[in-house]
Each structure stands twice: as structure tokens, then as C-alpha cells.
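> Just dropping this structure here.
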Amino acid sequence: PGAFAKAASPPPPLQPTAASVAAALAEGAATAAGVTLTKQLVAAPPNVVTPTALAETATLIAAAFPETMSVKILEEKECRAMGMGAYLGVAEASDEPPKFIHLTYTPLGVKDASSLKKVAVVGKGLTFDSGGYNIKAGAGSMIEKMKFDMGGAASVFGTMHAITDMELPLNVVAVVAAAENMPSGGATKPGDVVTSMAGK
């Protein structure tokens with residue numbers, strides 16, 4: 001009685017079944033594959049992971065899951081026609097063309113994707129950010145680390161790979177605006193006026 005009352009017995013441990021173990025292993029493998037892809041993209045140098053390489057990666061992910069994943073890459077001409085001036089201004093002076101990447105995942109066997117929960121995943125895909133004419137040269141600018149500006153895009157690709165591998169019951173759309181920001185005679189200058197798709 002009182003302070004010496006016997007503590008309640010803990011519940012018996014859960015007994016895993018073959019199915020629950022297999023499901024946990026599959027989820028772990030899918031998560032690990034997504035994380036590994038993300039880390040490989042972020043670790044690679046900027047002359048290897050370019051906007052074109054990111055577009056190729058998205059195409060390979062979609063090809064690995066042809067029944068549930070689709071990809072559309074908008075080229076510079078298409079982006080210009082859609083009024084994406086703010087995005088294209090970042091890539092104006094680079095020899096690397098910008099790639100606007102759109103991945104869509106719909107689970108197998110779903111005829112009406114509108115019945116599923118919709119999720120949007122967006123990641124920054126700036127494969128190198130020199131700062132253009134506003135070059136990152138001051139103390140603490142970390143220009144040598146500006147390849148990390150595509151970490152958001154890498155995370156999106158890893159996430160989409162994992163979601164598709166796990167066959168989650170979601171309707172997922174991913175967007176990556178891939179570009180490289182470099183200076184040249186055609187670079188966007190501080191004070192230039194560009195126009196976004198929203199007309200601003």
C-alpha cells in the first residue's frame with residue numbers, strides 16, 4: 001500500500017511477425033536509398049552536378065519507377081515563354097542552361113489522383129552561386145561552399161525516390177528550379193529589373 005505499492009507490470013514485448021519485419025526492412029532500405037542519393041548529389045563538385053546533371057538525375061529516378069513516376073523538364077525557351085524572368089535572370093550569364101524540373105508521383109492502381117492527399121515538395125537547385133556581379137568575395141561569404149546551394153534539390157530527389165520506393169498512398173509533386181549563377185557580360189546586375197511569372 002501507499003508508497004510501497006507494487007509497480008504495474010510492463011506490457012509484454014511485441015512479437016514481430018515476418019510481414020512486419022519485411023515491411024520495416026523495406027521502409028529502411030527505401031529511406032537509406034533516398035538519403036544516399038541526397039548525400040551523393042551534395043558531395044559532388046559543381047562541375048559534375050550541373051543543372052543538366054540534375055535534370056538527368058530526375059529522368060533516371062522517373063525511369064526507375066515508370067509506372068508511378070513521371071518527369072517533365074522545361075528548357076530555357078519554355079521558361080522564357082512562361083514569363084519566368086526572375087528565375088532565368090539567375091542563370092543569364094552561365095554557360096550551363098537552366099532546367100526547370102517537375103516530378104510527379106501517383107501510386108500504382110490509382111485512377112483518380114484527386115482522391116489522395118496532395119503533397120508538394122520544392123527544393124532550391126542552384127548548383128553554384130557565385131553571386132554574379134555581386135560576387136561572394138567578402139569575409140565569411142564561403143564562396144568555396146556555394147555548391148551546397150543545390151542541397152534543397154538533392155533533398156527533393158532523395159525524398160521522391162524514397163516515397164516512390166515505399167509506394168506511399170500520396171499524390172506528390174516535386175519542383176526544382178535548377179540553375180548556375182556565374183558572372184559574365186550578360187549577367188544580371190544589382191539594380192536590374194526582372195519580371196516573375198506573377199507579373200511582379
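The way I read the labels, and the way they are meant: chains A, B, ... in the order of the C-alpha cells, residue 1 as the first residue of every chain, and ligand 1 as the first ligand shown, with later ones counted on from there.
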Run DSSP on the backbone and give me the residues of region 2-200 of chain A it puts in helix (DSSP H, G or I), as number ranges by chain.
A: 2-4, 18-43, 51-64, 76-81, 85-91, 113-115, 143-166
> Could you save the residues just selected, with C-alpha atoms, as a PDB file, in the first residue's frame?

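See selection.pdb below for the written result:
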```
ATOM      1  CA  GLY A   2       0.927   3.680  -0.348  1.00  0.00           C
ATOM      2  CA  ALA A   3       4.454   4.437  -1.493  1.00  0.00           C
ATOM      3  CA  PHE A   4       5.309   0.738  -1.432  1.00  0.00           C
ATOM      4  CA  ALA A  18       7.523 -11.926 -40.731  1.00  0.00           C
ATOM      5  CA  ALA A  19       5.338  -9.375 -42.530  1.00  0.00           C
ATOM      6  CA  SER A  20       6.086  -6.532 -40.081  1.00  0.00           C
ATOM      7  CA  VAL A  21       9.828  -7.240 -40.233  1.00  0.00           C
ATOM      8  CA  ALA A  22       9.765  -7.310 -44.045  1.00  0.00           C
ATOM      9  CA  ALA A  23       7.825  -4.016 -44.136  1.00  0.00           C
ATOM     10  CA  ALA A  24      10.249  -2.354 -41.704  1.00  0.00           C
ATOM     11  CA  LEU A  25      13.262  -3.548 -43.718  1.00  0.00           C
ATOM     12  CA  ALA A  26      11.724  -2.301 -46.975  1.00  0.00           C
ATOM     13  CA  GLU A  27      10.999   1.107 -45.435  1.00  0.00           C
ATOM     14  CA  GLY A  28      14.538   1.301 -44.062  1.00  0.00           C
ATOM     15  CA  ALA A  29      16.046   0.368 -47.417  1.00  0.00           C
ATOM     16  CA  ALA A  30      13.932   2.970 -49.242  1.00  0.00           C
ATOM     17  CA  THR A  31      14.859   5.683 -46.735  1.00  0.00           C
ATOM     18  CA  ALA A  32      18.557   4.758 -46.931  1.00  0.00           C
ATOM     19  CA  ALA A  33      18.484   4.876 -50.747  1.00  0.00           C
ATOM     20  CA  GLY A  34      16.908   8.347 -50.667  1.00  0.00           C
ATOM     21  CA  VAL A  35      19.403   9.658 -48.111  1.00  0.00           C
ATOM     22  CA  THR A  36      22.339   8.171 -50.044  1.00  0.00           C
ATOM     23  CA  LEU A  37      21.186   9.822 -53.276  1.00  0.00           C
ATOM     24  CA  THR A  38      20.869  13.177 -51.495  1.00  0.00           C
ATOM     25  CA  LYS A  39      24.338  12.892 -49.953  1.00  0.00           C
ATOM     26  CA  GLN A  40      25.965  11.886 -53.239  1.00  0.00           C
ATOM     27  CA  LEU A  41      24.486  14.883 -55.052  1.00  0.00           C
ATOM     28  CA  VAL A  42      25.506  17.357 -52.339  1.00  0.00           C
ATOM     29  CA  ALA A  43      29.017  15.903 -52.017  1.00  0.00           C
ATOM     30  CA  PRO A  51      21.618  21.863 -63.854  1.00  0.00           C
ATOM     31  CA  THR A  52      21.854  19.398 -66.752  1.00  0.00           C
ATOM     32  CA  ALA A  53      23.083  16.665 -64.390  1.00  0.00           C
ATOM     33  CA  LEU A  54      20.171  17.369 -62.017  1.00  0.00           C
ATOM     34  CA  ALA A  55      17.746  17.044 -64.934  1.00  0.00           C
ATOM     35  CA  GLU A  56      19.390  13.746 -65.905  1.00  0.00           C
ATOM     36  CA  THR A  57      19.106  12.538 -62.296  1.00  0.00           C
ATOM     37  CA  ALA A  58      15.385  13.349 -62.252  1.00  0.00           C
ATOM     38  CA  THR A  59      14.968  11.462 -65.526  1.00  0.00           C
ATOM     39  CA  LEU A  60      16.778   8.422 -64.081  1.00  0.00           C
ATOM     40  CA  ILE A  61      14.583   8.446 -60.954  1.00  0.00           C
ATOM     41  CA  ALA A  62      11.447   8.525 -63.115  1.00  0.00           C
ATOM     42  CA  ALA A  63      12.851   5.739 -65.318  1.00  0.00           C
ATOM     43  CA  ALA A  64      13.439   3.580 -62.227  1.00  0.00           C
ATOM     44  CA  GLU A  76      15.080  27.878 -71.152  1.00  0.00           C
ATOM     45  CA  LYS A  77      12.901  28.702 -74.190  1.00  0.00           C
ATOM     46  CA  GLU A  78       9.796  27.256 -72.486  1.00  0.00           C
ATOM     47  CA  CYS A  79      10.569  29.094 -69.240  1.00  0.00           C
ATOM     48  CA  ARG A  80      11.000  32.366 -71.132  1.00  0.00           C
ATOM     49  CA  ALA A  81       7.651  31.866 -72.890  1.00  0.00           C
ATOM     50  CA  GLY A  85      12.237  36.176 -65.842  1.00  0.00           C
ATOM     51  CA  ALA A  86      13.159  36.151 -62.148  1.00  0.00           C
ATOM     52  CA  TYR A  87      14.333  32.522 -62.404  1.00  0.00           C
ATOM     53  CA  LEU A  88      16.123  32.950 -65.737  1.00  0.00           C
ATOM     54  CA  GLY A  89      17.911  36.071 -64.500  1.00  0.00           C
ATOM     55  CA  VAL A  90      19.902  33.882 -62.109  1.00  0.00           C
ATOM     56  CA  ALA A  91      21.215  31.742 -64.978  1.00  0.00           C
ATOM     57  CA  ALA A 113      -5.267  11.046 -58.040  1.00  0.00           C
ATOM     58  CA  SER A 114      -7.558  13.804 -56.717  1.00  0.00           C
ATOM     59  CA  SER A 115      -8.822  11.346 -54.092  1.00  0.00           C
ATOM     60  CA  ILE A 143      32.173  31.001 -51.932  1.00  0.00           C
ATOM     61  CA  GLU A 144      34.067  27.708 -51.932  1.00  0.00           C
ATOM     62  CA  LYS A 145      30.979  26.077 -50.414  1.00  0.00           C
ATOM     63  CA  MET A 146      28.395  27.571 -52.765  1.00  0.00           C
ATOM     64  CA  LYS A 147      27.871  24.197 -54.443  1.00  0.00           C
ATOM     65  CA  PHE A 148      25.671  23.478 -51.405  1.00  0.00           C
ATOM     66  CA  ASP A 149      23.007  25.820 -52.810  1.00  0.00           C
ATOM     67  CA  MET A 150      21.542  22.783 -54.533  1.00  0.00           C
ATOM     68  CA  GLY A 151      21.062  20.873 -51.253  1.00  0.00           C
ATOM     69  CA  GLY A 152      17.327  21.534 -51.387  1.00  0.00           C
ATOM     70  CA  ALA A 153      17.109  19.959 -54.847  1.00  0.00           C
ATOM     71  CA  ALA A 154      19.134  16.958 -53.662  1.00  0.00           C
ATOM     72  CA  SER A 155      16.750  16.540 -50.720  1.00  0.00           C
ATOM     73  CA  VAL A 156      13.769  16.648 -53.071  1.00  0.00           C
ATOM     74  CA  PHE A 157      15.260  13.929 -55.278  1.00  0.00           C
ATOM     75  CA  GLY A 158      16.067  11.742 -52.265  1.00  0.00           C
ATOM     76  CA  THR A 159      12.563  12.281 -50.885  1.00  0.00           C
ATOM     77  CA  MET A 160      10.871  11.443 -54.178  1.00  0.00           C
ATOM     78  CA  HIS A 161      12.995   8.321 -54.558  1.00  0.00           C
ATOM     79  CA  ALA A 162      12.065   7.149 -51.042  1.00  0.00           C
ATOM     80  CA  ILE A 163       8.356   7.992 -51.384  1.00  0.00           C
ATOM     81  CA  THR A 164       8.119   6.103 -54.663  1.00  0.00           C
ATOM     82  CA  ASP A 165      10.132   3.151 -53.375  1.00  0.00           C
ATOM     83  CA  MET A 166       7.805   2.889 -50.334  1.00  0.00           C
TER      84      MET A 166
END
```
> CA of Ala177 (chain A) and CA of Gly125 (chain A), how far apart in Å?
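Pair CA of Gly125 (chain A) / CA of Ala177 (chain A) returns 5.4 Å.
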> What's the separation between CA of Val49 (chain A) and CA of Thr68 (chain A), in Å to one decimal place?
25.5 Å
> Return the single residue from A:Ala139, A:Ile101, A:Ala120, A:Met82 that is closest to Ala178 (chain A), with distances computed using only C-alpha atoms.
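Counting only C-alpha atoms, the residue closest to Ala178 (chain A) is A:Ile101.
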> Using only C-alpha atoms, which residue out of A:Leu108, A:Val172, A:Val71, A:Met84 lies closest to Val122 (chain A)?
A:Val172
> What are the DSSP strand (DSSP E or B) residues of region 9-111 of chain A, as a PyMOL selection string?
chain A and resi 69-74+99-105
> Go through A:Glu67, A:Asp129, A:Glu75, A:Asp112 and flag the residue nearest Asn171 (chain A), using only C-alpha atoms for the distances.
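Between A:Glu67, A:Asp129, A:Glu75, A:Asp112, the residue approaching Asn171 (chain A) most closely is A:Asp112.
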> Return the single residue from A:Ser141, A:Ser130, A:Thr195, A:Thr17 that is closest to Ser94 (chain A), with distances computed using only C-alpha atoms.
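Checking each candidate against Ser94 (chain A), we get A:Ser130 as the closest.
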